[in-house]
Amino acid sequence: VQLVESGGGLVQPGGSLRLSCVASGFTFSRVGMTWFRQGPGKERDVVAYIGLDDNIYYYASSVKGRFTISRNNEKNTVYLEMNNLKPEDTAVYYCKAHMDGVDYWGQGTQVTVSS
């Protein structure tokens with residue numbers, strides 16, 4: 001199992017980024033996917049979740065209305081579209097797959113929101 005995130009970077013407040021997480025080594029279409037983030041000195045928290053068929057979603061209250069999670073099962077990829085970014089969104093963002101009682105994580109991608 002491998003998860004590879006990309007798309008992070010430095011952006012000004014109010015800006016946008018789209019994160020990608022490419023999965024391999026398992027049947028991607030059969031697994032719900034989750035984005036987490038871990039800010040400086042903070043715990044890793046759930047940001048958003050998407051179910052198997054784009055019909056189940058969850059968003060943390062802090063990102064609802066600004067972030068959108070989506071998936072492309074043909075490309076084995078889950079996305080996190082982030083709009084109206086705020087300094088408090090600064091964190092390392094991780095994608096996670098949970099299968100057979102085991103969590104699989106990517107290496108993370110840094111998002112920094114600063115003027």
# chains A, B, ... in the order shown; residues from 1 in each chain; ligands from 1
>>> closest_atom_pairs(of="segment 43-90 of chain A", to="segment 17-37 of chain A", cutoff="6 Å", atoms="only C-alpha atoms", output="Markdown table")
| residue | atom | partner | partner_atom | distance |
| --- | --- | --- | --- | --- |
| A:Arg44 | CA | A:Arg37 | CA | 5.4 |
| A:Asp45 | CA | A:Phe36 | CA | 5.3 |
| A:Val46 | CA | A:Phe36 | CA | 4.4 |
| A:Val47 | CA | A:Phe36 | CA | 5.0 |
| A:Ala48 | CA | A:Trp35 | CA | 5.3 |
| A:Tyr49 | CA | A:Thr34 | CA | 4.3 |
| A:Ile50 | CA | A:Met33 | CA | 5.5 |
| A:Gly51 | CA | A:Gly32 | CA | 4.4 |
| A:Leu52 | CA | A:Gly32 | CA | 5.2 |
| A:Asn73 | CA | A:Ser29 | CA | 5.4 |
| A:Asn76 | CA | A:Ala23 | CA | 5.4 |
| A:Thr77 | CA | A:Val22 | CA | 4.5 |
| A:Val78 | CA | A:Cys21 | CA | 5.2 |
| A:Tyr79 | CA | A:Ser20 | CA | 4.6 |
| A:Leu80 | CA | A:Leu19 | CA | 5.0 |
| A:Glu81 | CA | A:Arg18 | CA | 4.4 |
| A:Met82 | CA | A:Leu17 | CA | 5.3 |
>>> closest_residue(among="A:Ile56, A:Leu3, A:Leu10, A:Val102", to="Lys86 of chain A", atoms="only C-alpha atoms")
A:Leu10
>>> select_by_dssp(residues="chain A", states="helix (DSSP H, G or I)", output="ChimeraX atom specification")
/A:28-30,87-89
>>> closest_residue(among="A:Ser16, A:Val1, A:Asn84, A:Asn55", to="Ala97 of chain A", atoms="only C-alpha atoms")
A:Val1
>>> closest_residue(among="A:Gln38, A:Gln110, A:Ser62, A:Ser70", to="Gly8 of chain A", atoms="only C-alpha atoms")
A:Gln110
>>> residues_around(residues="Ala91 of chain A", least_positions_apart="3", cutoff="9 Å", atoms="only C-alpha atoms", output="PyMOL selection string")
chain A and resi 37-40+88+109-113
>>> write_last_selection(atoms="C-alpha atoms", output="PDB file, in the first residue's frame")
ATOM      1  CA  ARG A  37      -3.923  17.644   8.991  1.00  0.00           C
ATOM      2  CA  GLN A  38      -1.439  18.368  11.743  1.00  0.00           C
ATOM      3  CA  GLY A  39      -0.589  21.961  12.538  1.00  0.00           C
ATOM      4  CA  PRO A  40       2.496  23.092  14.465  1.00  0.00           C
ATOM      5  CA  GLU A  88      -4.951  28.558  10.781  1.00  0.00           C
ATOM      6  CA  THR A 109       2.337  17.619   2.090  1.00  0.00           C
ATOM      7  CA  GLN A 110       3.001  20.983   3.737  1.00  0.00           C
ATOM      8  CA  VAL A 111       0.477  23.792   3.359  1.00  0.00           C
ATOM      9  CA  THR A 112       1.519  27.208   4.614  1.00  0.00           C
ATOM     10  CA  VAL A 113      -0.910  30.121   4.563  1.00  0.00           C
TER      11      VAL A 113
END
>>> closest_residue(among="A:Gln2, A:Gly106, A:Cys95, A:Gly15", to="Ile69 of chain A", atoms="only C-alpha atoms")
A:Cys95
>>> atom_distance(atom1="atom CA of Val92 of chain A", atom2="atom CA of Gly65 of chain A")
20.4 Å
>>> closest_residue(among="A:Pro87, A:Asp53, A:Val4, A:Ser115", to="Arg71 of chain A", atoms="only C-alpha atoms")
A:Asp53
>>> select_by_dssp(residues="chain A", states="strand (DSSP E)", output="ChimeraX atom specification")
/A:2-6,9-11,17-24,33-38,44-50,57-59,67-72,77-82,91-99,102-105,109-113
>>> closest_residue(among="A:Thr90, A:Tyr59, A:Lys64, A:Asn72", to="Ser114 of chain A", atoms="only C-alpha atoms")
A:Thr90
>>> atom_distance(atom1="atom CA of Asp100 of chain A", atom2="atom CA of Val63 of chain A")
28.7 Å
